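The structure appears below as C-alpha cells.
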Amino acid sequence: MKLNFMTLNIKGIEWGKKTTVRNSVLYVNAIEAVVACGTSPYIENITLHIARPGESVRIMPVKDVIEPRCKISDEGAMFPGFVDGLQQAGIGTTLALKGAAVVVTENNDTKAICRTGGFIDMTGPAAELCPFSSLFNLVMNVQVNEEAQKNNTQGVDDACKLAGLKLAVYLADCCKGLRPDEAKVYETPKSDPSLPGVVYVMQMLAQNPLIKDFYIYGQLAGATMIPVLLHPNEIIDGALVSFIGSHNTVCSDKQYMYEIQNAPVIEEFYKLHGEKVRFLGVIVHNEVLNLPGKTRNSLFTVKIAKMLGASGAVLVTEGHGNPDEDIMLNVKNFEKEGIKTVIISDELGGRDGKSPGLADWVKECDAMVSVGNTHELLAIPQKMGTFIGNEASLDILHAAIDHQPDDPNYFYTELIHVTESCAQAGLCNITAKWM
Amino acid sequence: MAYKILHYINQFFAGVGGENCADYEPKVKEGAAGPGIQINSLFKGEAEVVATFICGDNYFATHSAEVLEMFERTLERYSPDIVIAGPSFYAGRYGFACGNVIKEAKRALGIPGVAGMNVESPAVDMFRNDMFIIKTGNSARDMKNALDSIVKLSRKILNNIPLEGADEDNYFSRGFRKNFKVAESGGIRAVDMLLKKMAREEFKSEYIQPIPEKVQVAPCIKDLSKATVALLTTGGMVPAGNPDRIEGSSATKYGIYSVEGVDALEKGKIISVHGGYDTSFAYDNPNRIVPLDILRELEREGKIGKVHEYFYSTSGTGASLLNGEAFGRSIAEKLNEAGVDAAIMVST
C-alpha cells in the first residue's frame with residue numbers, strides 16, 4: 001500500500017475572504033467554514049474562533065483536536081465512513097496542513113454531566129506541556145441542542161465529531177491546488193527478511209454500548225469487534241476515528257484524533273523500515289470491560305502479530321485501571337511467544353508521585369516509556385484573556401487541596417486535565433523520573 | 001561568603017583508629033578532617049567544612065540520644081547550611097549514625113544533608129526516603145567518586161539548582177516520581193528502546209513497578225440471614241451538591257453517607273460525580289449503582305440480616321493505587337468495627 005503525503009506548513013492563521021493558504025498563513029472564510037461543518041438536529045449553532053500560539057486564550061472542554069487533511073487523488077478516502085465514502089483509505093495522495101488544527105469544544109452543557117475533555121492554554125505553564133498549544137488552531141465552539149443533550153448525549157457526541165471531521169477536511173480541501181511544501185511517501189516495500197518485524201499495537205478503550213469510544217471505517221468498533229490488523233497508512237488517513245464524548249474519560253486518558261493521525265511510533269517505524277526493522281502493521285486492540293473479553297482479545301492480538309512474523313511490538317494504551325490489565329496480559333502473552341515488547345504509559349502516581357503508577361504489573365514487563373505522572377500538580381493562571389468553551393467545565397480543573405500557589409493569580413490543577421500533556425501514544429515530550 | 005558545612009565522620013576516617021577505637025566519644029574539631037579536606041578542595045571555596053563532628057560507631061549506637069543532643073548543640077553553634085555525613089560505604093553502624101545526624105539537622109535547623117552509602121548498607125532503606133544518600137562502592141576505595149558525587153549534589157542543593165533525578169544525580173531515590181521535559185517524544189523513545197531490546201543490547205526501562213500484592217479472598221458467609229451487609233462503590237455516588245467534594249477522577253478521598261431509614265435512594269438526591277462513565281442511568285436511578293432498594297427487599301424477606309446504615313463511595317477513575325489501597329483499608333477497618341459481615345462493592 002502506497003500513500004503519497006503532501007504537506008503545507010502552516011505558520012499563521014487569519015480570517016479571509018477565501019479559505020486558502022498564502023505564504024504559510026491559513027486564511028479561513030468563517031461563513032463557508034461553518035457551512036462546511038454541515039447541519040445536525042443536535043447542533044443549534046457553531047461559532048469559530050482563532051487561537052494562536054502565545055495568545056492569552058483558554059479552551060475547555062477540548063472534545064477533539066484534528067489535523068486538517070484531505071485526499072487530493074481520485075483514489076483513497078479521508079475519514080472513510082464519516083466524511084469520505086467507504087473506499088480504501090491509505091492509498092493515493094493525502095494533503096495535510098501541518099501546524100494547524102481544528103479544536104472542538106462546546107458551550108452550553110450546563111448540567112455538568114460533561115466532565116470530560118481537558119483544557120488548552122495557548123500561553124503560560126500549561127502551554128509548555130500541551131502539544132496543541134504550539135499549533136494554529138481553528139476552534140469550533142458548538143452550541144448543542146439542550147433537549148438532546150439531556151436525552152441523547154451519544155447523538156450529540158456523534159454530531160460534534162462529524163462536524164469537526166468535516167471542518168478539518170474542508171480546510172485542507174480548499175488548498176488542493178497549492179504547491180505543497182513537502183512531499184513524502186508512506187509505504188513498506190519488501191525488505192531484508194533478516195530484519196526484525198515490528199508491529200504497533202493500539203489499545204483503545206472499548207466501553208460501548210454505553211460509551212462510543214472509537215470507530216473503524218465508520219463502524220463503531222469498541223466492544224463489538226475483535227482485534228484487527230490495519231495498514232499504518234489507513235491510520236494516517238483517519239480509518240480509525242476517536243472522540244472525547246460526554247461520558248468518555250478524562251482527557252489525558254484518551255488519544256485525541258491528532259495524536260492518532262500523527263502517531264510518533266508509526267512515523268518512527270516508517271523511518272526505520274528496510275534499514276533496522278520491517279514494519280508489519282498496526283494491530284488495533286480493543287480494551288473491553290470483562291475478563292473473557294480481555295483474554296480473548298489478547299489471544300487475537302498476539303496471534304495476529306505471530307502470523308505476521310513479528311519479533312517486536314510497541315504497545316500504546318488508553319485509560320487506566322482495567323486497561324492496565326490489557327497491557328499486562330498482552331505483554332505477558334507477547335513475551336511468552338518471544339515477541340519483545342515496549343509499552344508507553346503515563347503514571348497515576350498521586351500528587352506526591354509516591355503511588356505505583358499502574359493498577360497492575362507483571363514480571364514480563366521490563367520495558368516501559370513513561371510519559372509522566374498525570375497526577376502531578378501544575379500552577380496555572382486563574383484566567384486567560386479569552387475563554388472559549390463552557391465555563392461550567394472549569395470547575396474540575398481546581399484540584400481539591402489545602403494549599404495553593406503563593407501567587408493568588410494562579411491555582412493548582414493536575415496534569416490529567418492538560419490536554420495530551422501525558423499523551424499515551426507518546427506524542428508528548430515529558431517523562432517521570434525517580435527523585 | 002562560603003556556604004558552611006558541618007561534616008560528620010566516624011573514628012576510623014578521623015584517623016583515631018579502627019574497630020578497637022569504636023567506643024571513641026564524640027568530639028568536635030574546628031575545620032575539616034579526614035575526607036573533609038578533600039570536600040573543601042572540591043568545593044574550591046564555594047563551601048567550606050566549618051567543623052567536623054567525630055564519633056565512634058559503637059559509641060553512637062549505644063548512646064544515640066546523647067550524641068544527637070550534642071550534635072544539635074553543634075548545629076546551633078556553627079549554624080551550617082548543610083550537613084555532609086560520611087560517606088559510610090558498606091558500614092552498618094556508621095551508616096546508621098550518618099542517617100541519624102542528617103535527620104537531626106533537618107529537625108533542628110531544617111537544613112538538608114547528604115550521606116553516601118553502598119546499596120548493601122542496611123541504613124539505605126532506613127533513611128533513603130528522608131534524605132539524599134549518594135550511591136557509593138562498598139569500601140573506601142571508592143572515596144574519590146563518592147566525594148565527587150556528594151559535592152556535586154550538595155552544590156546543586158545549596159544553590160537551588162534543580163535536580164535532574166536520582167539516577168542522573170547518583171543518589172538513592174527518595175521514593176517519589178517527578179515529571180521532566182525531555183528532548184525526544186515518548187514514541188521515539190519507545191522505538192529506540194524496542195530496537196535495543198530486540199538486539200539484546202542494554203536498555204533502561206523508564207519505569208518498573210513492584211508486582212502488586214494479591215489479596216486473599218475472605219471465607220464465605222455461612223448464614224446470610226444473620227449477616228449485616230454494607231454497600232460500597234467506586235461509582236462516584238454522593239448526595240446532591242457533593243458536600244465532601246469527592247473528585248470525579250483521581251479521587252483523594254471517599255465519602256460515608258447514611259441510608260438509615262431509607263428504603264431506596266431517591267433520584268436527584270444521590271447523584272454520580274464520576275468522570276469516566278455514562279452517568280445518566282445512575283442519575284435516573286441511583287439504586288443501580290448503590291442497590292439499596294434490592295438489599296432492603298432482601299432484608300424484609302429475611303434473606304439477609306441487616307443492611308449496614310452507611311454506604312461508602314468514591315470515584316474509581318484515574319485513582320492512584322496508594323489512595324485506592326488506603327481507602328480500602330480504611331473502609332475495611334470501619335466495617336470491621338461496625339460488625340459488618342459482608343460488603344457488596346459496585347465498581348463502574
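Letters for chains follow the order of the C-alpha cells (A, B, ...), residue numbers begin at 1 for each chain, and ligand numbers begin at 1 in the order shown.
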
- Any idea which chain B residues end up within 6 Å of chain A if we count only C-alpha atoms, as a ChimeraX atom specification please? /B:165-166,173-174,176-182,184-187,190,194,205-207,211,275-278,320-322

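Residues in contact range of range 52-62 of chain A, defined as at most 6 Å between only C-alpha atoms, with sequence neighbours fewer than 4 positions away removed, read Val104, Thr105, Gly117, Gly118, Phe119, Ile120, Asp121, Met122, Thr123, Ser133, Ser134, Phe136, Met384, Gly385, Thr386, Phe387, Ile388 and Gly389 of chain A.
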
Kindly save the residues from that selection, with C-alpha atoms included, as an mmCIF file, in the first residue's frame.
data_model
loop_
_atom_site.group_PDB
_atom_site.id
_atom_site.type_symbol
_atom_site.label_atom_id
_atom_site.label_comp_id
_atom_site.auth_asym_id
_atom_site.auth_seq_id
_atom_site.Cartn_x
_atom_site.Cartn_y
_atom_site.Cartn_z
ATOM 1 C CA VAL A 104 -13.771 21.067 19.039
ATOM 2 C CA THR A 105 -15.401 22.447 22.182
ATOM 3 C CA GLY A 117 -12.143 16.780 27.904
ATOM 4 C CA GLY A 118 -9.194 18.766 29.128
ATOM 5 C CA PHE A 119 -8.170 22.337 28.502
ATOM 6 C CA ILE A 120 -5.709 24.061 26.201
ATOM 7 C CA ASP A 121 -3.951 27.262 27.230
ATOM 8 C CA MET A 122 -2.239 28.971 24.313
ATOM 9 C CA THR A 123 0.334 30.536 26.629
ATOM 10 C CA SER A 133 -0.624 24.968 22.274
ATOM 11 C CA SER A 134 2.011 25.364 19.582
ATOM 12 C CA PHE A 136 -2.520 27.450 14.859
ATOM 13 C CA MET A 384 -6.694 33.885 30.314
ATOM 14 C CA GLY A 385 -7.693 36.972 28.363
ATOM 15 C CA THR A 386 -10.180 34.973 26.311
ATOM 16 C CA PHE A 387 -12.111 31.873 27.227
ATOM 17 C CA ILE A 388 -13.614 29.631 24.562
ATOM 18 C CA GLY A 389 -15.929 26.829 25.593
#

- Message: Using only C-alpha atoms, which protein or nucleic acid residues come within 7 Å of range 74-81 of chain A? Drop anything in the same chain fewer than 5 positions from it, and give the result as a PyMOL selection string.
- Response: chain A and resi 86-92+217-218+237-239

- Query: How would you write, as a ChimeraX atom specification, the set of residues in range 105-334 of chain B that DSSP gives as strand (DSSP E)?
  - Reply: /B:113-118,132-136,177-181,228-233,237-239,255-258,270-272,306-313

Could you take the residues named above and write them with N, CA and C atoms, as a short mmCIF file (atom, residue, chain, number, x, y, z; two decimals), in the first residue's frame?
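So the final result, stored in result.cif, reads:
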data_model
loop_
_atom_site.label_atom_id
_atom_site.label_comp_id
_atom_site.auth_asym_id
_atom_site.auth_seq_id
_atom_site.Cartn_x
_atom_site.Cartn_y
_atom_site.Cartn_z
N GLY B 113 20.81 17.50 54.14
CA GLY B 113 22.02 16.74 54.40
C GLY B 113 22.27 15.76 53.28
N VAL B 114 23.51 15.39 53.09
CA VAL B 114 23.88 14.41 52.07
C VAL B 114 24.76 13.35 52.71
N ALA B 115 24.38 12.09 52.53
CA ALA B 115 25.20 10.97 53.01
C ALA B 115 25.71 10.22 51.79
N GLY B 116 26.51 9.19 52.02
CA GLY B 116 27.00 8.37 50.91
C GLY B 116 27.09 6.94 51.40
N MET B 117 26.37 6.02 50.73
CA MET B 117 26.35 4.64 51.21
C MET B 117 26.34 3.66 50.04
N ASN B 118 26.69 2.43 50.36
CA ASN B 118 26.60 1.35 49.39
C ASN B 118 25.21 0.74 49.45
N PHE B 132 19.12 12.73 51.09
CA PHE B 132 19.90 12.34 49.93
C PHE B 132 21.02 11.40 50.36
N ILE B 133 21.05 10.20 49.76
CA ILE B 133 22.15 9.27 50.02
C ILE B 133 22.80 8.95 48.69
N ILE B 134 24.01 9.42 48.53
CA ILE B 134 24.76 9.15 47.29
C ILE B 134 25.10 7.66 47.21
N LYS B 135 24.99 7.09 46.00
CA LYS B 135 25.34 5.68 45.80
C LYS B 135 26.87 5.57 45.73
N THR B 136 27.43 4.71 46.56
CA THR B 136 28.90 4.55 46.57
C THR B 136 29.26 3.08 46.40
N ARG B 177 8.19 10.20 42.28
CA ARG B 177 8.45 10.50 40.87
C ARG B 177 8.16 11.96 40.59
N LYS B 178 8.89 12.50 39.63
CA LYS B 178 8.67 13.89 39.25
C LYS B 178 8.78 13.98 37.73
N ASN B 179 7.99 14.86 37.15
CA ASN B 179 7.98 14.99 35.69
C ASN B 179 9.11 15.87 35.18
N PHE B 180 9.63 15.49 34.03
CA PHE B 180 10.68 16.26 33.37
C PHE B 180 10.39 16.36 31.89
N LYS B 181 10.75 17.48 31.31
CA LYS B 181 10.70 17.57 29.85
C LYS B 181 11.96 16.93 29.30
N THR B 228 -24.85 -8.75 58.45
CA THR B 228 -25.02 -7.34 58.12
C THR B 228 -24.25 -7.06 56.84
N VAL B 229 -24.93 -6.46 55.87
CA VAL B 229 -24.32 -6.27 54.55
C VAL B 229 -24.18 -4.77 54.27
N ALA B 230 -23.00 -4.38 53.82
CA ALA B 230 -22.75 -2.97 53.51
C ALA B 230 -22.64 -2.79 52.00
N LEU B 231 -22.89 -1.57 51.55
CA LEU B 231 -22.76 -1.23 50.13
C LEU B 231 -21.60 -0.26 49.93
N LEU B 232 -20.73 -0.63 49.00
CA LEU B 232 -19.59 0.23 48.66
C LEU B 232 -19.62 0.47 47.16
N THR B 233 -19.07 1.60 46.74
CA THR B 233 -18.99 1.82 45.29
C THR B 233 -17.84 2.74 44.91
N MET B 237 -20.95 7.98 43.70
CA MET B 237 -22.30 8.34 44.17
C MET B 237 -22.20 9.19 45.45
N VAL B 238 -22.79 10.37 45.39
CA VAL B 238 -22.72 11.30 46.53
C VAL B 238 -24.06 12.02 46.66
N PRO B 239 -24.35 12.59 47.84
CA PRO B 239 -25.55 13.41 47.95
C PRO B 239 -25.44 14.60 47.00
N GLY B 255 -16.38 9.13 50.59
CA GLY B 255 -17.43 9.69 51.45
C GLY B 255 -18.23 8.58 52.11
N ILE B 256 -18.81 8.90 53.28
CA ILE B 256 -19.65 7.95 54.02
C ILE B 256 -21.04 8.58 54.14
N TYR B 257 -22.05 7.90 53.62
CA TYR B 257 -23.38 8.51 53.58
C TYR B 257 -24.42 7.58 54.17
N SER B 258 -25.27 8.15 55.00
CA SER B 258 -26.25 7.35 55.74
C SER B 258 -27.41 6.90 54.85
N ILE B 270 -29.29 11.51 45.40
CA ILE B 270 -27.96 10.90 45.29
C ILE B 270 -27.59 10.90 43.81
N ILE B 271 -26.44 11.51 43.51
CA ILE B 271 -26.04 11.64 42.11
C ILE B 271 -24.62 11.10 41.94
N SER B 272 -24.20 10.94 40.70
CA SER B 272 -22.83 10.49 40.46
C SER B 272 -21.98 11.65 39.99
N LYS B 306 -29.29 -7.70 57.84
CA LYS B 306 -29.48 -6.27 58.02
C LYS B 306 -28.63 -5.52 56.98
N VAL B 307 -29.16 -4.37 56.58
CA VAL B 307 -28.36 -3.50 55.70
C VAL B 307 -27.57 -2.55 56.60
N HIS B 308 -26.28 -2.45 56.39
CA HIS B 308 -25.45 -1.53 57.16
C HIS B 308 -25.92 -0.09 56.94
N GLU B 309 -25.86 0.73 57.97
CA GLU B 309 -26.51 2.04 57.91
C GLU B 309 -25.82 3.09 57.03
N TYR B 310 -24.63 2.80 56.54
CA TYR B 310 -23.96 3.76 55.66
C TYR B 310 -23.54 3.09 54.37
N PHE B 311 -23.45 3.90 53.29
CA PHE B 311 -22.70 3.40 52.14
C PHE B 311 -21.44 4.24 51.95
N TYR B 312 -20.45 3.62 51.35
CA TYR B 312 -19.12 4.23 51.21
C TYR B 312 -18.86 4.43 49.74
N SER B 313 -18.40 5.63 49.36
CA SER B 313 -18.34 5.92 47.94
C SER B 313 -17.14 6.79 47.56
#

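You will find CA of Gly36 in chain B at 7.7 Å from CA of Thr52 in chain B.
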
- Message: Residues near Gln11 in chain B, anyone? I mean within 8 Å using only C-alpha atoms, not counting same-chain ones fewer than 5 positions away, as a ChimeraX atom specification.
- Response: /B:16-18,21-22,24,54-57

- Message: Show me, as an MDAnalysis selection string, the residues that have an atom within 10 Å of Val28 in chain B when counting only C-alpha atoms, minus same-chain residues fewer than 5 positions from it.
- Response: chainID B and resid 6:8 51:55 70:71 74

Put those residues in a file: C-alpha atoms, as a PDB file, in the first residue's frame.
ATOM      1  CA  LEU B   6      29.117  20.532  59.204  1.00  0.00           C
ATOM      2  CA  HIS B   7      30.775  17.212  58.461  1.00  0.00           C
ATOM      3  CA  TYR B   8      30.094  14.006  60.383  1.00  0.00           C
ATOM      4  CA  ALA B  51      33.585  21.831  61.816  1.00  0.00           C
ATOM      5  CA  THR B  52      33.915  18.059  61.910  1.00  0.00           C
ATOM      6  CA  PHE B  53      31.881  16.012  64.335  1.00  0.00           C
ATOM      7  CA  ILE B  54      33.710  12.786  65.117  1.00  0.00           C
ATOM      8  CA  CYS B  55      32.158   9.859  66.948  1.00  0.00           C
ATOM      9  CA  MET B  70      25.485  17.128  71.401  1.00  0.00           C
ATOM     10  CA  PHE B  71      25.103  17.214  67.625  1.00  0.00           C
ATOM     11  CA  THR B  74      26.993  21.779  67.458  1.00  0.00           C
TER      12      THR B  74
END

- Might you pull out every residue within 9 Å of Asp326 in chain A, with only C-alpha atoms counted and same-chain residues fewer than 4 positions away left off, and present them as a VMD selection string? chain A and resid 203 286 to 288 294 to 295 297 to 298 317 322 330 to 331

Produce a file of the selected residues containing N, CA and C atoms, as a PDB file, in the first residue's frame.
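Dumped everything to selection_24.pdb:
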ATOM      1  N   GLN A 203      -3.963  -0.016  21.800  1.00  0.00           N
ATOM      2  CA  GLN A 203      -5.007  -0.486  22.721  1.00  0.00           C
ATOM      3  C   GLN A 203      -5.972   0.671  22.962  1.00  0.00           C
ATOM      4  N   ASN A 286      -8.964  -3.748  21.203  1.00  0.00           N
ATOM      5  CA  ASN A 286      -9.995  -3.069  21.994  1.00  0.00           C
ATOM      6  C   ASN A 286      -9.968  -3.545  23.441  1.00  0.00           C
ATOM      7  N   GLU A 287      -9.888  -2.559  24.322  1.00  0.00           N
ATOM      8  CA  GLU A 287      -9.834  -2.854  25.761  1.00  0.00           C
ATOM      9  C   GLU A 287     -11.264  -2.991  26.276  1.00  0.00           C
ATOM     10  N   VAL A 288     -11.796  -4.188  26.194  1.00  0.00           N
ATOM     11  CA  VAL A 288     -13.174  -4.391  26.636  1.00  0.00           C
ATOM     12  C   VAL A 288     -13.215  -4.542  28.153  1.00  0.00           C
ATOM     13  N   LYS A 294     -11.136  -9.640  27.621  1.00  0.00           N
ATOM     14  CA  LYS A 294      -9.721  -9.262  27.689  1.00  0.00           C
ATOM     15  C   LYS A 294      -8.839 -10.439  27.285  1.00  0.00           C
ATOM     16  N   THR A 295      -9.208 -11.615  27.790  1.00  0.00           N
ATOM     17  CA  THR A 295      -8.425 -12.809  27.482  1.00  0.00           C
ATOM     18  C   THR A 295      -8.486 -13.112  25.984  1.00  0.00           C
ATOM     19  N   ASN A 297      -9.262 -11.088  23.464  1.00  0.00           N
ATOM     20  CA  ASN A 297      -8.634 -10.081  22.617  1.00  0.00           C
ATOM     21  C   ASN A 297      -7.120 -10.170  22.655  1.00  0.00           C
ATOM     22  N   SER A 298      -6.572 -10.473  23.811  1.00  0.00           N
ATOM     23  CA  SER A 298      -5.122 -10.620  23.901  1.00  0.00           C
ATOM     24  C   SER A 298      -4.669 -11.797  23.036  1.00  0.00           C
ATOM     25  N   THR A 317      -1.673   2.691  24.912  1.00  0.00           N
ATOM     26  CA  THR A 317      -2.926   2.371  25.579  1.00  0.00           C
ATOM     27  C   THR A 317      -3.773   3.613  25.772  1.00  0.00           C
ATOM     28  N   ASN A 322      -8.787  -0.824  34.593  1.00  0.00           N
ATOM     29  CA  ASN A 322      -8.936  -2.089  33.874  1.00  0.00           C
ATOM     30  C   ASN A 322      -8.087  -2.168  32.601  1.00  0.00           C
ATOM     31  N   ASN A 330      -1.296  -8.519  27.486  1.00  0.00           N
ATOM     32  CA  ASN A 330      -0.641  -8.533  26.177  1.00  0.00           C
ATOM     33  C   ASN A 330       0.866  -8.714  26.313  1.00  0.00           C
ATOM     34  N   VAL A 331       1.460  -7.964  27.247  1.00  0.00           N
ATOM     35  CA  VAL A 331       2.912  -8.064  27.432  1.00  0.00           C
ATOM     36  C   VAL A 331       3.291  -9.502  27.776  1.00  0.00           C
TER      37      VAL A 331
END

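Checking A:Leu8, A:Val65, A:Ala96, A:Ile226 one by one against Val139 in chain A, counting only C-alpha atoms, you find the shortest gap at A:Val65.
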
- Note on the structure: Of A:Asn9, A:Ser242, A:Thr188, A:Thr39, the one nearest to Leu135 in chain A when counting only C-alpha atoms is A:Asn9

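If you look at CA of Ala163 in chain A and CA of Asn137 in chain A, they are 15.6 Å away from each other.
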
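Distances from B:Leu265, B:Ile161, B:Val273, B:Met1 to Glu247 in chain B were compared using only C-alpha atoms, and the smallest one belongs to B:Val273.
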
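For the pair CA of Ala97 in chain B and CA of Asp130 in chain B, the interatomic distance is 14.1 Å.
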
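The smallest atom-to-atom distance between Ile82 in chain B and any of B:Gly339, B:Pro286, B:Pro243, B:Gly110, using only C-alpha atoms, is found for B:Gly110.
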
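Proximity to Ala140 in chain B was assessed for B:Phe12, B:Ala65, B:Asn159, B:Ser225 counting only C-alpha atoms; the smallest distance is recorded for B:Phe12.
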
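When only C-alpha atoms are used to compute distances to Val151 in chain B, the closest of the residues B:Gly99, B:Gly268, B:Pro87, B:Gly31 turns out to be B:Pro87.
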